[in-house]
$ cat work.txt   # compact mmCIF, C-alpha atoms
# COMPACT_ATOMS: atom_id res chain seq x y z
CA MET E 58 38.67 0.61 2.76
CA LEU E 59 35.42 -1.40 2.68
CA THR E 60 34.62 -0.45 6.26
CA LEU E 61 35.28 3.24 5.56
CA LYS E 62 33.15 3.03 2.42
CA LYS E 63 30.16 1.61 4.27
CA THR E 64 30.67 3.98 7.16
CA ILE E 65 30.52 7.17 5.12
CA ILE E 66 27.54 5.93 3.11
CA ALA E 67 25.79 5.52 6.45
CA VAL E 68 26.24 9.25 7.00
CA LEU E 69 24.10 9.99 3.95
CA PHE E 70 21.29 7.68 4.98
CA ILE E 71 20.94 8.88 8.55
CA LEU E 72 21.65 12.63 8.55
CA MET E 73 18.11 13.55 7.57
CA SER E 74 16.74 12.27 10.88
CA THR E 75 18.54 15.11 12.69
CA VAL E 76 16.82 17.90 10.76
CA SER E 77 13.62 19.64 11.80
CA ALA E 78 10.85 21.23 9.79
CA VAL E 79 12.03 24.79 10.35
CA GLY E 80 15.65 24.39 9.34
CA THR E 81 17.27 23.71 12.70
CA VAL E 82 19.04 20.62 13.91
CA VAL E 83 17.01 18.76 16.50
CA ALA E 84 18.39 17.14 19.60
CA SER E 85 17.37 13.61 20.45
CA GLU E 86 13.65 14.03 21.05
CA PRO E 87 12.31 10.49 20.60
CA ASN E 88 8.69 11.51 21.20
CA THR E 89 8.59 14.03 18.35
CA VAL E 90 7.39 13.00 14.88
CA TYR E 91 7.81 15.06 11.72
CA VAL E 92 5.37 14.82 8.82
CA ASP E 93 7.73 15.87 6.04
CA LEU E 94 6.32 17.35 2.83
CA SER E 95 8.85 18.19 0.13
CA ASN E 96 9.00 18.93 -3.60
CA SER E 97 11.64 17.66 -6.02
CA SER E 98 11.76 20.99 -7.88
CA THR E 99 11.48 24.39 -6.20
CA SER E 100 10.23 26.00 -9.43
CA VAL E 101 7.75 24.86 -12.06
CA ILE E 102 6.52 26.36 -15.32
CA PRO E 103 2.77 27.08 -15.65
CA GLY E 104 1.14 23.91 -16.98
CA GLN E 105 3.83 21.63 -15.52
CA SER E 106 3.40 19.19 -12.63
CA ALA E 107 4.80 19.77 -9.17
CA SER E 108 6.25 16.54 -7.77
CA LEU E 109 5.43 16.11 -4.06
CA GLU E 110 6.74 13.58 -1.54
CA VAL E 111 5.45 12.83 1.96
CA GLY E 112 7.25 10.92 4.69
CA ILE E 113 7.84 10.66 8.43
CA PRO E 114 11.61 10.94 8.99
CA SER E 115 11.65 9.84 12.62
CA ALA E 116 13.31 7.00 14.45
CA ALA E 117 11.25 4.30 16.18
CA LEU E 118 9.52 5.74 19.25
CA PRO E 119 10.40 4.16 22.60
CA ASP E 120 6.80 3.95 23.82
CA THR E 121 5.00 3.18 20.56
CA LYS E 122 7.70 1.60 18.33
CA GLY E 123 6.55 3.70 15.39
CA ILE E 124 3.74 5.25 13.38
CA GLN E 125 1.82 2.49 11.61
CA ALA E 126 -1.04 4.40 9.95
CA ALA E 127 -1.53 7.97 8.81
CA LYS E 128 -4.22 10.16 7.33
CA ILE E 129 -2.41 13.20 5.96
CA THR E 130 -4.21 16.24 4.57
CA LEU E 131 -2.31 18.58 2.25
CA SER E 132 -3.52 22.10 1.50
CA TYR E 133 -2.73 24.13 -1.63
CA ASN E 134 -3.74 27.43 -3.26
CA GLU E 135 -6.53 26.66 -5.74
CA ASN E 136 -5.65 29.81 -7.70
CA VAL E 137 -2.19 28.39 -8.43
CA PHE E 138 -2.66 24.61 -8.69
CA THR E 139 -5.25 22.31 -10.22
CA THR E 140 -6.04 18.59 -10.26
CA ASP E 141 -7.08 18.67 -13.93
CA GLY E 142 -5.81 15.56 -15.70
CA LEU E 143 -4.84 13.81 -12.46
CA LEU E 144 -8.17 12.36 -11.34
CA ARG E 145 -10.61 9.61 -12.29
CA TYR E 146 -14.11 8.95 -11.00
CA ASP E 147 -14.48 5.76 -8.94
CA ASP E 148 -18.01 4.34 -9.17
CA ALA E 149 -17.59 2.12 -6.09
CA LEU E 150 -16.44 5.02 -3.91
CA GLY E 151 -18.71 7.54 -5.55
CA LYS E 152 -16.02 10.21 -5.77
CA TYR E 153 -12.99 11.40 -7.70
CA ILE E 154 -9.61 9.97 -6.74
CA TRP E 155 -6.04 10.29 -8.04
CA ARG E 156 -5.32 8.20 -11.13
CA ASP E 157 -3.08 5.20 -10.45
CA ASP E 158 -0.29 6.62 -12.61
CA CYS E 159 -0.31 9.99 -10.80
CA PHE E 160 0.80 8.72 -7.38
CA THR E 161 2.91 5.86 -6.07
CA LEU E 162 4.42 4.27 -2.99
CA ILE E 163 8.14 4.85 -2.83
CA ARG E 164 10.59 2.04 -2.30
CA PRO E 165 11.07 0.36 0.13
CA TYR E 166 7.35 0.84 0.93
CA ASP E 167 6.17 -0.91 -2.26
CA ASN E 168 6.94 -4.44 -1.03
CA GLY E 169 3.40 -5.52 -0.11
CA ASN E 170 3.75 -4.67 3.59
CA TYR E 171 2.16 -1.26 3.12
CA ARG E 172 -1.19 -0.14 1.75
CA ILE E 173 -2.18 3.21 0.30
CA LYS E 174 -5.62 4.32 -0.78
CA ASN E 175 -5.84 6.51 -3.84
CA PRO E 176 -5.54 10.10 -2.61
CA TYR E 177 -8.68 12.14 -3.17
CA PRO E 178 -9.43 15.88 -3.45
CA THR E 179 -11.66 17.82 -1.10
CA ASP E 180 -12.45 21.41 -0.15
CA LEU E 181 -12.71 21.78 3.62
CA ASN E 182 -13.37 25.53 3.51
CA PRO E 183 -14.74 26.82 0.18
CA SER E 184 -14.14 30.45 1.20
CA ASP E 185 -10.39 30.28 1.92
CA ASN E 186 -9.13 29.90 -1.72
CA LYS E 187 -7.52 26.60 -0.76
CA LYS E 188 -8.25 22.98 -1.56
CA GLU E 189 -7.03 19.79 0.05
CA ILE E 190 -5.61 16.36 -0.79
CA VAL E 191 -6.29 13.48 1.60
CA ILE E 192 -3.83 10.57 1.76
CA TYR E 193 -4.31 7.30 3.71
CA VAL E 194 -1.29 5.02 4.22
CA SER E 195 -0.86 2.09 6.62
CA GLY E 196 1.57 -0.70 7.34
CA LYS E 197 1.00 -4.30 8.37
CA LYS E 198 1.87 -5.48 11.87
CA ASP E 199 5.29 -4.21 12.97
CA LYS E 200 5.71 -2.25 9.72
CA TRP E 201 6.19 1.44 10.40
CA LEU E 202 5.70 4.52 8.27
CA SER E 203 8.09 6.43 10.53
CA SER E 204 11.68 5.81 9.55
CA ASP E 205 15.06 6.91 10.88
CA SER E 206 16.29 6.95 7.28
CA GLY E 207 13.91 9.75 6.30
CA VAL E 208 12.79 8.02 3.09
CA PRO E 209 9.35 9.39 2.05
CA PHE E 210 6.58 6.84 1.56
CA VAL E 211 4.37 8.41 -1.10
CA HIS E 212 4.92 10.47 -4.24
CA LEU E 213 2.17 12.32 -6.11
CA PHE E 214 1.67 15.08 -8.67
CA LEU E 215 -0.19 18.40 -8.59
CA ASN E 216 -0.47 20.56 -11.72
CA ALA E 217 0.36 24.26 -11.89
CA LYS E 218 -2.29 26.26 -13.75
CA GLU E 219 -1.31 27.49 -17.19
CA THR E 220 -2.57 31.01 -16.42
CA VAL E 221 -0.37 31.53 -13.35
CA SER E 222 2.91 33.47 -13.49
CA ASP E 223 5.43 34.75 -10.95
CA SER E 224 3.71 33.23 -7.94
CA ASN E 225 5.50 32.13 -4.78
CA THR E 226 3.33 29.67 -2.92
CA SER E 227 3.49 26.87 -0.37
CA ILE E 228 1.80 23.50 -0.11
CA THR E 229 1.31 22.65 3.56
CA VAL E 230 0.21 19.85 5.84
CA ARG E 231 -3.18 20.74 7.35
CA MET E 232 -2.41 19.73 10.92
CA GLU E 233 -5.96 19.83 12.28
CA ASN E 234 -7.04 17.29 9.65
CA THR E 235 -4.02 14.99 9.88
CA GLU E 236 -4.05 11.87 12.06
CA LEU E 237 -1.24 9.50 13.06
CA GLN E 238 -1.69 6.15 14.81
CA ASP E 239 0.65 3.70 16.51
CA GLN E 240 0.49 -0.10 16.24
CA ASP E 241 -2.26 -0.28 18.88
CA GLY E 242 -4.50 2.13 16.99
CA ASN E 243 -3.85 4.95 19.44
CA ASP E 244 -3.74 8.49 18.09
CA TYR E 245 -0.31 10.11 18.26
CA LYS E 246 -0.49 13.84 18.93
CA ASN E 247 3.10 15.02 19.36
CA TYR E 248 4.10 15.89 15.81
CA THR E 249 4.88 18.82 13.57
CA SER E 250 5.32 19.25 9.82
CA THR E 251 7.21 20.90 6.98
CA SER E 252 5.89 22.64 3.87
CA ALA E 253 6.84 22.61 0.19
CA LYS E 254 7.73 26.07 -1.15
CA ILE E 255 7.24 26.37 -4.90
CA TYR E 256 7.70 29.20 -7.39
CA VAL E 257 5.38 29.07 -10.43
CA GLY E 258 6.40 31.23 -13.35
CA LEU E 259 8.09 31.46 -16.71
CA PRO E 260 11.88 31.12 -16.86
CA ARG E 261 14.11 34.05 -17.77
CA LYS E 262 16.65 32.04 -19.73
CA ILE E 263 17.17 28.59 -21.24
CA ASP E 264 20.58 26.94 -21.48
CA ILE E 265 21.31 23.81 -23.49
CA VAL E 266 23.65 21.58 -21.51
CA ARG E 267 25.30 18.27 -22.21
CA GLY E 268 23.76 15.57 -20.01
CA THR E 269 23.82 16.96 -16.50
CA LEU E 270 26.83 19.24 -16.86
CA PRO E 271 26.55 22.88 -15.74
CA PRO E 272 25.95 25.54 -18.42
CA SER E 273 28.99 26.44 -20.53
CA SER E 274 29.73 28.87 -23.37
CA GLN E 275 31.95 26.30 -25.10
CA ALA E 276 30.58 24.45 -28.10
CA ILE E 277 29.30 20.93 -27.54
CA SER E 278 31.61 18.48 -29.31
CA MET E 279 30.55 15.08 -30.59
CA GLU E 280 31.86 12.46 -32.98
CA LEU E 281 30.46 11.34 -36.31
CA ASN E 282 27.59 8.83 -35.91
CA GLN E 283 27.61 9.44 -32.16
CA GLY E 284 24.38 9.93 -30.22
CA MET E 285 24.21 12.27 -27.27
CA GLU E 286 21.74 13.33 -24.57
CA VAL E 287 21.41 17.07 -23.96
CA ASN E 288 19.01 18.96 -21.72
CA ALA E 289 17.18 22.27 -21.75
CA LEU E 290 17.88 23.93 -18.40
CA ALA E 291 15.51 26.78 -17.51
CA LEU E 292 16.69 29.59 -15.23
CA PHE E 293 14.04 31.42 -13.19
CA ALA E 294 14.00 34.95 -11.79
CA ASN E 295 14.50 33.63 -8.24
CA GLY E 296 17.71 31.82 -9.22
CA ASP E 297 16.21 28.32 -9.38
CA THR E 298 16.73 26.05 -12.35
CA THR E 299 14.83 23.05 -13.64
CA TYR E 300 14.92 20.83 -16.73
CA VAL E 301 12.31 21.55 -19.42
CA THR E 302 13.71 19.06 -21.92
CA GLU E 303 10.43 17.25 -22.60
CA ILE E 304 8.31 20.37 -23.11
CA ALA E 305 10.78 22.23 -25.32
CA LYS E 306 10.65 22.28 -29.12
CA TRP E 307 14.03 21.13 -30.46
CA GLU E 308 15.54 22.18 -33.81
CA SER E 309 18.90 22.01 -35.57
CA SER E 310 20.04 24.77 -37.94
CA ASN E 311 21.75 22.11 -40.08
CA PRO E 312 20.04 18.68 -39.81
CA ASP E 313 22.58 17.25 -42.28
CA VAL E 314 25.26 17.79 -39.61
CA VAL E 315 23.35 17.42 -36.33
CA ALA E 316 20.02 15.61 -36.36
CA VAL E 317 17.45 15.86 -33.58
CA LYS E 318 16.12 12.34 -32.92
CA ALA E 319 13.85 13.10 -29.94
CA TYR E 320 13.55 15.47 -26.98
CA GLY E 321 17.16 16.31 -26.12
CA SER E 322 18.53 13.41 -28.17
CA ILE E 323 20.89 14.39 -30.99
CA SER E 324 23.13 12.56 -33.44
CA GLY E 325 26.21 13.57 -35.45
CA VAL E 326 25.37 12.94 -39.14
CA SER E 327 28.36 14.55 -40.86
CA TYR E 328 31.37 16.72 -40.03
CA GLY E 329 30.59 20.38 -39.45
CA LYS E 330 28.75 22.76 -37.15
CA ALA E 331 25.12 23.43 -36.31
CA ILE E 332 23.16 25.60 -33.90
CA LEU E 333 20.86 23.58 -31.65
CA THR E 334 17.82 25.43 -30.26
CA ALA E 335 15.29 24.60 -27.55
CA THR E 336 12.13 26.72 -27.50
CA VAL E 337 9.60 27.03 -24.65
CA GLY E 338 6.85 29.50 -25.48
CA SER E 339 8.57 32.67 -26.68
CA LEU E 340 11.85 31.82 -24.94
CA VAL E 341 14.65 30.31 -27.04
CA GLY E 342 17.91 28.75 -25.88
CA SER E 343 20.67 27.96 -28.37
CA HIS E 344 24.08 26.28 -28.38
CA GLU E 345 26.67 25.47 -31.00
CA VAL E 346 27.36 21.79 -31.70
CA VAL E 347 30.52 20.66 -33.51
CA VAL E 348 30.81 17.24 -35.11
CA GLY E 349 34.45 16.23 -35.44
CA SER E 350 36.98 13.51 -34.71
CA ARG E 351 38.56 13.26 -31.27
CA THR E 352 42.31 12.97 -30.79
CA GLU E 353 43.83 9.87 -29.19
CA LYS E 354 44.33 11.83 -25.97
CA GLU E 355 40.69 12.86 -25.88
CA LYS E 356 39.47 9.32 -26.58
CA TYR E 357 41.20 7.82 -23.57
CA ALA E 358 40.86 10.72 -21.15
CA GLN E 359 38.92 9.96 -17.99
CA PRO E 360 35.67 11.94 -17.72
CA ASP E 361 35.46 14.62 -15.06
CA PHE E 362 33.26 14.07 -12.02
CA ASN E 363 30.24 16.22 -12.85
CA VAL E 364 26.63 16.04 -11.79
CA SER E 365 23.44 17.89 -12.58
CA VAL E 366 22.45 21.41 -11.66
CA THR E 367 18.87 21.63 -10.41
CA TYR E 368 19.21 24.59 -8.08
CA VAL E 369 21.44 27.60 -8.62
CA PRO E 370 20.81 30.21 -5.93
CA SER E 371 20.92 33.84 -7.05
CA SER E 372 23.33 34.37 -4.17
CA ASP E 373 25.46 31.65 -2.66
CA ILE E 374 23.34 30.63 0.31
CA SER E 375 25.89 27.97 1.23
CA GLN E 376 27.92 30.72 2.89
CA LYS E 377 25.04 31.34 5.29
CA ALA E 378 23.86 27.73 5.66
CA PRO E 379 24.72 26.04 8.98
CA ARG E 380 27.52 23.48 8.78
CA PHE E 381 27.64 20.49 11.08
CA PRO E 382 30.66 18.35 11.91
CA VAL E 383 30.19 14.63 11.42
CA ILE E 384 32.25 12.08 13.36
CA VAL E 385 32.36 8.59 11.84
CA ASN E 386 33.81 5.86 14.05
CA GLY E 387 35.72 8.52 15.96
CA LYS E 388 37.12 10.25 12.86
CA SER E 389 36.04 13.49 11.21
CA ALA E 390 34.09 13.20 7.93
CA GLU E 391 33.08 15.85 5.41
CA GLU E 392 30.75 18.54 6.71
CA GLY E 393 27.13 18.71 5.64
CA LEU E 394 24.99 21.78 4.90
CA LEU E 395 21.56 22.47 6.34
CA VAL E 396 19.41 24.11 3.65
CA ASP E 397 15.64 24.64 3.76
CA GLY E 398 15.30 22.21 6.66
CA SER E 399 17.21 19.39 4.95
CA MET E 400 20.74 18.09 5.33
CA TYR E 401 22.85 17.89 2.19
CA MET E 402 26.14 16.08 1.67
CA PRO E 403 28.53 16.70 -1.27
CA LEU E 404 27.97 14.20 -4.07
CA SER E 405 31.72 14.21 -4.59
CA VAL E 406 31.76 11.66 -1.78
CA GLY E 407 30.97 9.20 -4.57
CA ARG E 408 34.40 9.73 -6.09
CA LEU E 409 36.03 9.44 -2.66
CA LEU E 410 34.31 6.08 -2.14
CA MET E 411 34.90 4.97 -5.75
CA LEU E 412 31.13 4.76 -6.28
CA PRO E 413 29.96 5.04 -9.89
CA VAL E 414 28.24 8.32 -10.75
CA GLY E 415 26.19 8.38 -13.92
CA TYR E 416 23.15 9.87 -15.58
CA ASP E 417 19.63 8.48 -16.02
CA SER E 418 18.55 9.88 -19.40
CA SER E 419 14.93 8.84 -18.94
CA LYS E 420 14.50 10.54 -15.55
CA LYS E 421 16.96 13.35 -16.36
CA VAL E 422 18.74 12.90 -13.04
CA PRO E 423 22.23 11.82 -11.97
CA THR E 424 22.78 8.42 -10.41
CA LEU E 425 24.93 7.38 -7.48
CA ALA E 426 25.89 3.71 -7.24
CA GLY E 427 23.33 3.01 -9.96
CA ARG E 428 20.45 4.65 -8.09
CA ALA E 429 18.65 7.79 -9.27
CA VAL E 430 19.13 10.93 -7.17
CA SER E 431 15.96 12.98 -7.53
CA GLN E 432 16.90 15.95 -5.35
CA PHE E 433 20.27 17.67 -5.59
CA LYS E 434 21.56 21.22 -5.41
CA VAL E 435 24.70 23.11 -6.29
CA PHE E 436 26.43 25.37 -3.79
CA ALA E 437 29.66 27.23 -4.55
CA GLY E 438 30.27 25.01 -7.55
CA THR E 439 29.86 21.77 -5.57
CA SER E 440 26.92 19.43 -6.10
CA TYR E 441 25.10 18.23 -3.00
CA VAL E 442 22.63 15.37 -2.59
CA LYS E 443 19.71 15.35 -0.18
CA ALA E 444 20.36 12.58 2.34
CA ARG E 445 16.78 11.31 2.51
CA ASP E 446 16.64 10.64 -1.22
CA ILE E 447 19.32 7.96 -1.10
CA PRO E 448 17.75 4.50 -0.68
CA VAL E 449 18.39 2.72 2.57
CA VAL E 450 20.85 -0.10 1.91
CA LEU E 451 22.90 -0.07 5.11
CA PRO E 452 20.87 -0.87 8.26
CA GLY E 453 22.48 -1.23 11.66
CA ALA E 454 24.31 2.10 11.91
CA LYS E 455 24.08 3.87 15.28
CA THR E 456 23.82 7.65 15.57
CA SER E 457 23.93 10.12 18.45
CA TRP E 458 23.49 13.87 18.46
CA ASP E 459 25.59 16.01 20.80
CA THR E 460 23.19 18.87 21.53
CA LYS E 461 25.74 20.98 23.38
CA ASN E 462 28.52 20.78 20.80
CA LYS E 463 26.25 20.24 17.76
CA ILE E 464 28.16 17.21 16.51
CA LEU E 465 26.63 14.18 14.85
CA SER E 466 28.39 10.92 15.67
CA ILE E 467 27.93 7.79 13.59
CA GLU E 468 29.16 4.29 14.32
CA TYR E 469 29.09 1.41 11.88
CA LEU E 470 31.24 -1.69 11.79
CA ILE E 471 31.15 -4.75 9.56
$ encode --input "work.txt" --output "structure tokens"
Amino acid sequence: MLTLKKTIIAVLFILMSTVSAVGTVVASEPNTVYVDLSNSSTSVIPGQSASLEVGIPSAALPDTKGIQAAKITLSYNENVFTTDGLLRYDDALGKYIWRDDCFTLIRPYDNGNYRIKNPYPTDLNPSDNKKEIVIYVSGKKDKWLSSDSGVPFVHLFLNAKETVSDSNTSITVRMENTELQDQDGNDYKNYTSTSAKIYVGLPRKIDIVRGTLPPSSQAISMELNQGMEVNALALFANGDTTYVTEIAKWESSNPDVVAVKAYGSISGVSYGKAILTATVGSLVGSHEVVVGSRTEKEKYAQPDFNVSVTYVPSSDISQKAPRFPVIVNGKSAEEGLLVDGSMYMPLSVGRLLMLPVGYDSSKKVPTLAGRAVSQFKVFAGTSYVKARDIPVVLPGAKTSWDTKNKILSIEYLI
């Protein structure tokens, strides 16, 4: 059981290395590097921050061992996004740079073996309605930015303008101003990139949900003197959803029954019912909350395996998404889905492996084995996790891609 458990976890960590920037599975091309730009939420409300991540999800290169340093230039529409509130002026450099709390190295790159300069804004072509972000990252000797796990190395924010509405836009890697170097300082030219597609606009509906459960018409039940975390889930015109818990105004129709302690944090004060509302601008979401006493059966019932909804397609794109067989130590494993250039595996694998699945109330994301899962989607009622977002904890697994039969094989033994 332990071997099987470790084996299937290895699937999650490695699958991302088989995915290309344009949504097709890539055969073993060891000389190709992918500069991967992604966003944790496909939709943002005007005035909110878009969360961006950059990485190089490639295995070690046979002739260069890996990419050790990178200058990456991102390009965005200046009519949609702004750096207001994200920058500080550095007297020593004589220019504006990203504030220290608005970008970060992602684990496992924050261990002292890697160095990042504060990203800085620039405008390479003032007439094209675009502006750029320049990022410098490097590793010490034999420490590579390129990774077969696909874990991104830097995370930063970019703010959507408050005046923008119903705008579909993309943040891209400006290839002609991006440079990659190997451990000898040689420029590496054979690479491509992905882009982050983002919808900026006001939601069409707000649902109040318990924790990370999907929306439901049933009343939320809680016990007397019990605290509970709820979320405001915004639904957009394009079918995307995102949490707006921290920017919503929360109210209870009967504070003597249900009290609002903080954003999305409620408490049962006395027996009865109340209507809980979450307001964003002129949009109001409401849900009934009942404070009562649970039966003995309810007290000892095991909770269902449920995880958060962050993406609800207007049509079920999982029916069209490519599926790829996965062979683990010679045996068939659960299929993955290729969506928007990324491989997703069902989070229900956690229950199969007896891994704890929980909820991080501060980050508003589900957790798998105690680790936060920042990117996850729901297809046909099943929650999927993006493979590259799961931390690398199981090195030594071997993978091979069968180009002809389109089968991913994974081997891992204790």
$ residues_around --input "work.txt" --residues "Ala127 (chain E)" --least-positions-apart "6" --cutoff "7 Å" --atoms "all atoms listed in the file" --output "list in words"
Tyr193, Val194, Ser195, Glu236, Leu237 and Gln238 of chain E
$ write_last_selection --input "work.txt" --atoms "C-alpha atoms" --output "short mmCIF file (atom, residue, chain, number, x, y, z; two decimals), keeping the file's coordinate frame"
data_model
loop_
_atom_site.label_atom_id
_atom_site.label_comp_id
_atom_site.auth_asym_id
_atom_site.auth_seq_id
_atom_site.Cartn_x
_atom_site.Cartn_y
_atom_site.Cartn_z
CA TYR E 193 -4.31 7.30 3.71
CA VAL E 194 -1.29 5.02 4.22
CA SER E 195 -0.86 2.09 6.62
CA GLU E 236 -4.05 11.87 12.06
CA LEU E 237 -1.24 9.50 13.06
CA GLN E 238 -1.69 6.15 14.81
#
$ atom_distance --input "work.txt" --atom1 "CA of Leu181 (chain E)" --atom2 "CA of Gln240 (chain E)"
28.5 Å
$ residues_around --input "work.txt" --residues "Tyr256 (chain E)" --least-positions-apart "6" --cutoff "10 Å" --atoms "only C-alpha atoms" --output "list in words"
Ser98, Thr99, Ser100, Val101, Ile102, Pro103, Val137, Ala217, Ser222, Asp223, Ser224, Asn225, Thr226, Ser227, Phe293, Ala294, Asn295 and Asp297 of chain E
$ closest_residue --input "work.txt" --among "E:Ser274, E:Ser132, E:Asn282, E:Ser343" --to "Val326 (chain E)" --atoms "only C-alpha atoms"
E:Asn282
$ closest_atom_pairs --input "work.txt" --of "region 216-238 of chain E" --to "region 105-110 of chain E" --cutoff "10 Å" --atoms "all atoms listed in the file" --output "tab-separated table"
residue	atom	partner	partner_atom	distance
E:Asn216	CA	E:Ser106	CA	4.2
E:Ala217	CA	E:Gln105	CA	5.7
E:Lys218	CA	E:Gln105	CA	7.9
E:Glu219	CA	E:Gln105	CA	8.0
E:Ile228	CA	E:Leu109	CA	9.1
$ closest_residue --input "work.txt" --among "E:Gly284, E:Gly349, E:Pro272, E:Gly104" --to "Val317 (chain E)" --atoms "all atoms listed in the file"
E:Gly284
$ closest_residue --input "work.txt" --among "E:Ile163, E:Val341, E:Met285, E:Ile173" --to "Gly325 (chain E)" --atoms "all atoms listed in the file"
E:Met285
$ residues_around --input "work.txt" --residues "Tyr328 (chain E)" --least-positions-apart "6" --cutoff "8 Å" --atoms "all atoms listed in the file" --output "ChimeraX atom specification"
/E:281,314,347-349
$ residues_near_point --input "work.txt" --point "(-5.0, 18.3, -2.4)" --cutoff "9 Å" --atoms "all atoms listed in the file" --output "list of chain:residue names"
E:Thr130, E:Leu131, E:Ser132, E:Tyr133, E:Thr139, E:Thr140, E:Pro176, E:Tyr177, E:Pro178, E:Thr179, E:Asp180, E:Lys187, E:Lys188, E:Glu189, E:Ile190, E:Val191, E:Ile192, E:Leu215, E:Ile228
$ closest_residue --input "work.txt" --among "E:Leu395, E:Met279, E:Leu292, E:Ala316" --to "Val346 (chain E)" --atoms "only C-alpha atoms"
E:Met279
$ closest_residue --input "work.txt" --among "E:Asn288, E:Thr235, E:Ser278, E:Asn175" --to "Thr334 (chain E)" --atoms "only C-alpha atoms"
E:Asn288
$ residues_near_point --input "work.txt" --point "(-5.2, 13.4, -12.4)" --cutoff "10 Å" --atoms "all atoms listed in the file" --output "MDAnalysis selection string"
chainID E and resid 139:145 153:160 177 213:216
$ closest_residue --input "work.txt" --among "E:Gly342, E:Gly123, E:Gly242, E:Pro312" --to "Trp201 (chain E)" --atoms "all atoms listed in the file"
E:Gly123
$ atom_distance --input "work.txt" --atom1 "CA of Pro165 (chain E)" --atom2 "CA of Pro209 (chain E)"
9.4 Å
$ atom_distance --input "work.txt" --atom1 "CA of Pro260 (chain E)" --atom2 "CA of Ala291 (chain E)"
5.7 Å
$ build_atoms --input "work.txt" --residues "region 144-156 of chain E" --atoms "N, CA and C atoms" --output "mmCIF file, in the frame of the given file"
data_model
loop_
_atom_site.group_PDB
_atom_site.id
_atom_site.type_symbol
_atom_site.label_atom_id
_atom_site.label_comp_id
_atom_site.auth_asym_id
_atom_site.auth_seq_id
_atom_site.Cartn_x
_atom_site.Cartn_y
_atom_site.Cartn_z
ATOM 1 N N LEU E 144 -7.143 13.107 -12.059
ATOM 2 C CA LEU E 144 -8.170 12.360 -11.340
ATOM 3 C C LEU E 144 -8.973 11.434 -12.251
ATOM 4 N N ARG E 145 -9.616 10.466 -11.630
ATOM 5 C CA ARG E 145 -10.610 9.610 -12.290
ATOM 6 C C ARG E 145 -11.768 9.414 -11.314
ATOM 7 N N TYR E 146 -12.945 9.157 -11.864
ATOM 8 C CA TYR E 146 -14.110 8.950 -11.000
ATOM 9 C C TYR E 146 -14.237 7.466 -10.666
ATOM 10 N N ASP E 147 -14.340 7.148 -9.387
ATOM 11 C CA ASP E 147 -14.480 5.760 -8.940
ATOM 12 C C ASP E 147 -15.942 5.495 -8.593
ATOM 13 N N ASP E 148 -16.587 4.616 -9.368
ATOM 14 C CA ASP E 148 -18.010 4.340 -9.170
ATOM 15 C C ASP E 148 -18.277 3.694 -7.814
ATOM 16 N N ALA E 149 -17.382 2.811 -7.367
ATOM 17 C CA ALA E 149 -17.590 2.120 -6.090
ATOM 18 C C ALA E 149 -17.517 3.101 -4.925
ATOM 19 N N LEU E 150 -16.588 4.038 -4.981
ATOM 20 C CA LEU E 150 -16.440 5.020 -3.910
ATOM 21 C C LEU E 150 -17.391 6.195 -4.074
ATOM 22 N N GLY E 151 -17.823 6.418 -5.290
ATOM 23 C CA GLY E 151 -18.710 7.540 -5.550
ATOM 24 C C GLY E 151 -18.030 8.889 -5.471
ATOM 25 N N LYS E 152 -16.745 8.933 -5.832
ATOM 26 C CA LYS E 152 -16.020 10.210 -5.770
ATOM 27 C C LYS E 152 -14.797 10.146 -6.681
ATOM 28 N N TYR E 153 -14.207 11.319 -6.908
ATOM 29 C CA TYR E 153 -12.990 11.400 -7.700
ATOM 30 C C TYR E 153 -11.785 11.046 -6.830
ATOM 31 N N ILE E 154 -10.848 10.339 -7.426
ATOM 32 C CA ILE E 154 -9.610 9.970 -6.740
ATOM 33 C C ILE E 154 -8.438 10.159 -7.712
ATOM 34 N N TRP E 155 -7.219 10.168 -7.188
ATOM 35 C CA TRP E 155 -6.040 10.290 -8.040
ATOM 36 C C TRP E 155 -5.913 9.073 -8.952
ATOM 37 N N ARG E 156 -5.585 9.294 -10.204
ATOM 38 C CA ARG E 156 -5.320 8.200 -11.130
ATOM 39 C C ARG E 156 -4.134 7.379 -10.623
#
